[in-house]
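S.K.: One structure, pasted below without further comment.
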Amino acid sequence: MSPTADKDFSFPKGFLWGAATAAHQIEGSPLADGAGPSIWTRFAHTPGMTLNGDTGDVACDHYRRWKDDVRLMRELGLQAYRFSVSWSRILPGGTGRVNQAGLDFYSRLVDELLEGDIEPLLTLYHWDLPAALDDRGGWLNRDCADWFAEYGSVLYRALDGRVKKWVTLNEPWVITDGGYLHGALAPGHRSRFEAPIASHNLMRAHGAAVQAYRAEGKHEIGLVVNIEPKYPASDSPEDAAATRRAHAYMNEQYLHPALLGRYPPELKEIFGDAWPDFPEDDFRLIVQPLDFVGINYYTRSVTAADDSYPLEAGAVRQPLGTYTETGWEVFPQGLTDLLLWFKRTYGDLPVYITENGAAFFDPAVAEDSRVRDPLRIDYLRKHLSAIHDAIAAGVDIRGYMAWSLLDNLEWSLGYSKRFGIIHVNYGTQERTPKDSARWYSGIIESHGRGLSDPLPY
Ligand code: BGC
């Protein structure tokens, strides 16, 4: 008997079940139909920046196969689909001239989703800044708040009649930590002095895009953050302090300004003289009322003091832990803990789990049109159960988007990590729903109740 056999896993009425992707990771054809290059086109085409030199030139060829992909979503019974728009398809130069062909692509996609009763959740920015804007300083230029609001407004005007859930930024922490501090992601800068500026400007851009939405849009808009609970590795005061820094850096750096209008004091401790005193006025722009927050959850960190730059805190590997292909520990309880912390800290704002999933080994080719991925099913099931616990404890969680709909381009790690519930054969572009997709489809159909059923293996 399954350990959860007697548990009632009903989810609240209206809870949305879906899956997520991002433009650069699936679309391919980045320069088609008048689009401009993005920082990711440039970065991936710079030797040495991505594993095996992988680029997004083809990816999952979703730019041409989008209709088939929506058909697959319908077959699985998805109720929602979170995707992102490529800014440089809409505004090839980042600002100014609108490229109608780019707009038409997303407009057709949205129509097709609605036709299939799939609710679109649109993310404005999932890391692919127009290269033309990077040439003007990118997120280091304070004008980026106006650029982002201009871009958002073009989309609000075109799509708000049909898209009712909007996201400004996906994971500002990764944009800054990967793009401006450690350089593993585009635009590949490595500067302790730039990172705080980029973070702050991202938050100003978020605020400006929400403000612009209130002027044009009639529905809901929110921010998506990736957060993970930090637990001290020991009860030493050094590890406690390291945990506090790591928590402030990853979990509070963006939510505090967006929801409370201030930064946590630890950021100054971490960045020292590289953390400026930002103008008070900026916080009035940043702290806009939000309709929801999207939380992306993958793992936890057990934190100890060490010499990692610049945090002086690092993750300690758990000898008894289960780790995914990206080296992340599977720790579902962390999601419940995190959601309870979110409620305690920021109050009763509605939450969507906008990403959750795992890269486990899957073969490059789906033999016999089947991919058996019991580890992924186990991961999804335990995390859905953790979400159910948080709902029972009073957190207002409105939906769940599995990451990812398709195997796709894992940024600098290229095609080496498979997160999809649908397998992609990169040689033929053939799609094969993995066992996890079929299992998830059953969970959706039972509105969560199937979580108490024994696993199909
Ligand atoms: C991002 C995705 C990414 C996933 C797995 C998130 O940080 O939003 O784009 O593929 O995690 O690494």
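Residues are referred to by chain and number: the chain letter is A, B, ... according to the order shown in the structure tokens, the number counts from 1 in that chain, and ligands are numbered separately from 1 in the order shown.
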I want to know what sits within 9 Å of range 249-262 of chain A, based on only C-alpha atoms, with residues of the same chain fewer than 2 positions away left out; could you give that as a PyMOL selection string?
M.R.: chain A and resi 171-173+199-200+203+206-207+223+225-229+244-247+264-267+270+283-284+286-290+311+346
S.K.: Write out as a list in words each polymer residue whose atoms come within 6 Å of range 99-109 of chain A, counting only C-alpha atoms; drop sequence neighbours fewer than 6 positions from it.
M.R.: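 In the requested format, the answer is Arg89, Ile90 and Leu91 of chain A.
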S.K.: Name the residues of range 154-351 of chain A that come out as strand (DSSP E or B) in a backbone DSSP run; write them as a compact mmCIF listing (two decimals) with all heavy atoms, in the first residue's frame.
M.R.:
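To be explicit, this is the file written out as part12.txt:
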```txt
# COMPACT_ATOMS: atom_id res chain seq x y z
N LYS A 165 -2.93 36.28 -17.26
CA LYS A 165 -1.90 36.17 -16.22
C LYS A 165 -0.55 36.52 -16.82
O LYS A 165 -0.09 35.87 -17.77
CB LYS A 165 -1.88 34.75 -15.64
CG LYS A 165 -3.15 34.46 -14.86
CD LYS A 165 -3.12 33.13 -14.18
CE LYS A 165 -4.31 32.95 -13.25
NZ LYS A 165 -5.60 33.41 -13.78
N TRP A 166 0.05 37.55 -16.25
CA TRP A 166 1.31 38.08 -16.76
C TRP A 166 2.40 38.00 -15.70
O TRP A 166 2.12 38.19 -14.51
CB TRP A 166 1.13 39.55 -17.13
CG TRP A 166 0.16 39.79 -18.25
CD1 TRP A 166 -1.20 39.83 -18.16
CD2 TRP A 166 0.48 40.01 -19.62
NE1 TRP A 166 -1.74 40.07 -19.42
CE2 TRP A 166 -0.73 40.19 -20.32
CE3 TRP A 166 1.69 40.09 -20.34
CZ2 TRP A 166 -0.78 40.44 -21.69
CZ3 TRP A 166 1.64 40.34 -21.70
CH2 TRP A 166 0.41 40.51 -22.37
N VAL A 167 3.61 37.77 -16.17
CA VAL A 167 4.77 37.78 -15.27
C VAL A 167 5.76 38.79 -15.85
O VAL A 167 6.00 38.80 -17.06
CB VAL A 167 5.42 36.38 -15.21
CG1 VAL A 167 6.78 36.44 -14.55
CG2 VAL A 167 4.51 35.40 -14.48
N THR A 168 6.33 39.62 -14.99
CA THR A 168 7.35 40.57 -15.47
C THR A 168 8.65 39.81 -15.73
O THR A 168 8.98 39.51 -16.87
CB THR A 168 7.56 41.70 -14.45
OG1 THR A 168 7.89 41.11 -13.17
CG2 THR A 168 6.33 42.58 -14.33
N LEU A 169 9.37 39.49 -14.64
CA LEU A 169 10.69 38.87 -14.79
C LEU A 169 10.68 37.44 -14.30
O LEU A 169 10.03 37.13 -13.30
CB LEU A 169 11.71 39.60 -13.91
CG LEU A 169 11.89 41.09 -14.12
CD1 LEU A 169 12.80 41.65 -13.02
CD2 LEU A 169 12.51 41.37 -15.50
N ASN A 170 11.41 36.58 -14.96
CA ASN A 170 11.68 35.26 -14.42
C ASN A 170 13.02 35.26 -13.71
O ASN A 170 14.07 35.51 -14.32
CB ASN A 170 11.74 34.21 -15.54
CG ASN A 170 12.04 32.82 -14.97
OD1 ASN A 170 11.20 32.22 -14.31
ND2 ASN A 170 13.25 32.32 -15.19
N GLU A 220 -4.19 40.09 -14.27
CA GLU A 220 -3.25 39.91 -13.15
C GLU A 220 -1.81 39.94 -13.61
O GLU A 220 -1.47 39.41 -14.68
CB GLU A 220 -3.51 38.53 -12.52
CG GLU A 220 -4.88 38.40 -11.92
CD GLU A 220 -5.11 37.01 -11.36
OE1 GLU A 220 -4.16 36.19 -11.32
OE2 GLU A 220 -6.24 36.76 -10.96
N ILE A 221 -0.98 40.51 -12.75
CA ILE A 221 0.46 40.52 -13.05
C ILE A 221 1.25 40.23 -11.78
O ILE A 221 0.84 40.63 -10.68
CB ILE A 221 0.88 41.86 -13.72
CG1 ILE A 221 2.31 41.76 -14.27
CG2 ILE A 221 0.73 43.06 -12.76
CD1 ILE A 221 2.62 42.76 -15.36
N GLY A 222 2.36 39.52 -11.94
CA GLY A 222 3.19 39.18 -10.79
C GLY A 222 4.65 39.03 -11.19
O GLY A 222 5.04 39.29 -12.33
N LEU A 223 5.44 38.62 -10.21
CA LEU A 223 6.88 38.45 -10.37
C LEU A 223 7.21 36.98 -10.08
O LEU A 223 6.60 36.39 -9.18
CB LEU A 223 7.60 39.33 -9.34
CG LEU A 223 9.10 39.17 -9.14
CD1 LEU A 223 9.86 39.70 -10.37
CD2 LEU A 223 9.56 39.94 -7.89
N VAL A 224 8.15 36.42 -10.81
CA VAL A 224 8.57 35.02 -10.54
C VAL A 224 9.98 35.01 -9.96
O VAL A 224 10.91 35.58 -10.55
CB VAL A 224 8.50 34.15 -11.81
CG1 VAL A 224 9.27 32.84 -11.60
CG2 VAL A 224 7.05 33.84 -12.18
N VAL A 225 10.12 34.36 -8.82
CA VAL A 225 11.44 34.24 -8.19
C VAL A 225 11.78 32.76 -7.98
O VAL A 225 10.89 31.94 -7.81
CB VAL A 225 11.49 34.94 -6.81
CG1 VAL A 225 11.47 36.45 -6.96
CG2 VAL A 225 10.37 34.47 -5.89
N ASN A 226 13.08 32.46 -8.01
CA ASN A 226 13.52 31.12 -7.63
C ASN A 226 14.07 31.24 -6.22
O ASN A 226 14.96 32.05 -5.96
CB ASN A 226 14.59 30.59 -8.58
CG ASN A 226 15.82 31.46 -8.62
OD1 ASN A 226 15.72 32.66 -8.89
ND2 ASN A 226 16.97 30.89 -8.33
N LYS A 230 17.29 27.69 3.24
CA LYS A 230 18.67 27.48 3.66
C LYS A 230 18.64 26.98 5.09
O LYS A 230 18.04 27.64 5.96
CB LYS A 230 19.45 28.80 3.60
CG LYS A 230 19.32 29.57 2.28
CD LYS A 230 20.12 28.93 1.18
CE LYS A 230 20.02 29.71 -0.12
NZ LYS A 230 20.68 29.06 -1.24
N TYR A 231 19.24 25.84 5.32
CA TYR A 231 19.28 25.27 6.68
C TYR A 231 20.75 25.24 7.12
O TYR A 231 21.61 24.82 6.33
CB TYR A 231 18.74 23.84 6.68
CG TYR A 231 17.35 23.68 6.09
CD1 TYR A 231 17.18 23.34 4.75
CD2 TYR A 231 16.21 23.86 6.88
CE1 TYR A 231 15.91 23.19 4.21
CE2 TYR A 231 14.94 23.70 6.35
CZ TYR A 231 14.79 23.37 5.01
OH TYR A 231 13.53 23.21 4.48
N PRO A 232 21.03 25.65 8.36
CA PRO A 232 22.44 25.65 8.79
C PRO A 232 23.00 24.23 8.89
O PRO A 232 22.31 23.31 9.33
CB PRO A 232 22.39 26.31 10.17
CG PRO A 232 20.97 26.24 10.61
CD PRO A 232 20.11 26.13 9.39
N PHE A 292 -0.03 38.36 -7.71
CA PHE A 292 0.47 37.05 -7.26
C PHE A 292 1.99 37.06 -7.31
O PHE A 292 2.60 37.93 -7.93
CB PHE A 292 -0.08 35.92 -8.14
CG PHE A 292 0.38 35.98 -9.58
CD1 PHE A 292 1.57 35.38 -9.97
CD2 PHE A 292 -0.38 36.66 -10.53
CE1 PHE A 292 1.99 35.45 -11.29
CE2 PHE A 292 0.04 36.73 -11.86
CZ PHE A 292 1.23 36.12 -12.23
N VAL A 293 2.56 36.07 -6.66
CA VAL A 293 4.00 35.82 -6.81
C VAL A 293 4.15 34.40 -7.35
O VAL A 293 3.43 33.49 -6.93
CB VAL A 293 4.75 36.02 -5.48
CG1 VAL A 293 6.12 35.37 -5.52
CG2 VAL A 293 4.90 37.51 -5.19
N GLY A 294 5.04 34.24 -8.30
CA GLY A 294 5.34 32.90 -8.83
C GLY A 294 6.61 32.40 -8.15
O GLY A 294 7.61 33.13 -8.07
N ILE A 295 6.56 31.18 -7.65
CA ILE A 295 7.73 30.60 -6.98
C ILE A 295 8.23 29.42 -7.81
O ILE A 295 7.46 28.50 -8.13
CB ILE A 295 7.37 30.18 -5.54
CG1 ILE A 295 7.11 31.44 -4.71
CG2 ILE A 295 8.50 29.32 -4.94
CD1 ILE A 295 6.77 31.17 -3.25
N ASN A 296 9.52 29.47 -8.15
CA ASN A 296 10.17 28.33 -8.81
C ASN A 296 10.97 27.60 -7.74
O ASN A 296 11.82 28.20 -7.08
CB ASN A 296 11.13 28.80 -9.90
CG ASN A 296 10.41 29.50 -11.05
OD1 ASN A 296 9.17 29.48 -11.11
ND2 ASN A 296 11.16 30.10 -11.94
N SER A 301 19.24 24.16 0.36
CA SER A 301 20.68 24.14 0.59
C SER A 301 20.95 24.02 2.08
O SER A 301 20.35 24.72 2.89
CB SER A 301 21.31 25.40 0.00
OG SER A 301 22.41 25.79 0.72
N VAL A 302 21.84 23.10 2.44
CA VAL A 302 22.34 23.02 3.81
C VAL A 302 23.63 23.84 3.79
O VAL A 302 24.55 23.55 3.02
CB VAL A 302 22.60 21.55 4.22
CG1 VAL A 302 23.21 21.49 5.61
CG2 VAL A 302 21.29 20.76 4.15
N THR A 303 23.65 24.89 4.59
CA THR A 303 24.63 25.95 4.39
C THR A 303 25.69 26.00 5.50
O THR A 303 25.35 25.92 6.68
CB THR A 303 23.89 27.30 4.32
OG1 THR A 303 22.87 27.20 3.32
CG2 THR A 303 24.83 28.43 3.96
N ALA A 304 26.94 26.17 5.05
CA ALA A 304 28.03 26.32 6.03
C ALA A 304 28.90 27.51 5.62
O ALA A 304 28.95 27.88 4.44
CB ALA A 304 28.89 25.06 6.04
N ALA A 305 29.56 28.09 6.61
CA ALA A 305 30.50 29.18 6.33
C ALA A 305 31.68 28.59 5.55
O ALA A 305 32.20 27.53 5.91
CB ALA A 305 30.98 29.81 7.63
N ALA A 313 29.63 31.61 2.12
CA ALA A 313 28.68 30.57 2.53
C ALA A 313 28.55 29.60 1.38
O ALA A 313 28.53 30.02 0.22
CB ALA A 313 27.33 31.19 2.85
N GLY A 314 28.47 28.31 1.67
CA GLY A 314 28.36 27.33 0.60
C GLY A 314 27.46 26.18 1.00
O GLY A 314 27.12 26.02 2.18
N ALA A 315 27.06 25.38 0.00
CA ALA A 315 26.16 24.26 0.26
C ALA A 315 26.97 23.01 0.63
O ALA A 315 28.00 22.73 0.01
CB ALA A 315 25.32 23.98 -0.97
N TYR A 323 20.31 13.06 -5.36
CA TYR A 323 20.66 14.23 -6.17
C TYR A 323 20.23 14.03 -7.62
O TYR A 323 20.27 12.92 -8.15
CB TYR A 323 22.16 14.51 -6.10
CG TYR A 323 22.54 15.13 -4.77
CD1 TYR A 323 22.72 14.35 -3.63
CD2 TYR A 323 22.66 16.51 -4.64
CE1 TYR A 323 23.02 14.92 -2.40
CE2 TYR A 323 22.97 17.10 -3.41
CZ TYR A 323 23.15 16.29 -2.30
OH TYR A 323 23.44 16.88 -1.09
N GLU A 329 19.82 18.52 -4.60
CA GLU A 329 19.23 17.52 -3.71
C GLU A 329 17.70 17.53 -3.83
O GLU A 329 17.07 18.59 -3.93
CB GLU A 329 19.61 17.84 -2.24
CG GLU A 329 19.22 16.72 -1.30
CD GLU A 329 19.26 17.09 0.17
OE1 GLU A 329 19.67 18.23 0.51
OE2 GLU A 329 18.89 16.24 1.00
N VAL A 351 -0.13 32.63 -4.57
CA VAL A 351 1.13 32.08 -5.08
C VAL A 351 0.84 31.06 -6.18
O VAL A 351 -0.11 30.28 -6.06
CB VAL A 351 1.89 31.35 -3.93
CG1 VAL A 351 3.06 30.54 -4.45
CG2 VAL A 351 2.36 32.35 -2.88
```
S.K.: Once DSSP has gone over the backbone, tell me which residues of range 20-91 of chain A are in helix (DSSP H, G or I), as a PyMOL selection string.
M.R.: chain A and resi 23-26+32-34+39-44+51-53+62-76+87-90
S.K.: Which residue, A:Pro374, A:Gly450, A:Gly183, A:Gly357, has the smallest gap to Asp407 in chain A when you use only C-alpha atoms?
M.R.: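 With only C-alpha atoms as the atom set, the closest residue is A:Gly357.
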S.K.: Smallest atom-to-atom distance to ligand 1: which of A:Ala248, A:Ile175, A:Leu124, A:Ala366, using only C-alpha atoms and all ligand atoms?
M.R.: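 Ranking A:Ala248, A:Ile175, A:Leu124, A:Ala366 by distance to ligand 1, first place goes to A:Ile175.
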S.K.: Let me see if you get this right: every residue at most 8 Å from ligand 1, counting only C-alpha atoms and all ligand atoms, written as a list in words.
M.R.: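 The neighbouring residues of ligand 1 are, in order, Thr21, Ala22, Gln25, His126, Asn170, Glu171, Val174, Asn226, Asn296, Tyr298, Thr326, Glu355, Gly357, Ala358, Ala359, Trp403, Ser404, Asn408, Leu409, Glu410, Trp411 and Phe419 of chain A.
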S.K.: Using only C-alpha atoms for the distances, tell me which of A:Asp69, A:Asp282, A:Asp435, A:Asp177 is nearest to Pro310 in chain A.
M.R.: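 So, comparing all the options, the nearest one is A:Asp177.
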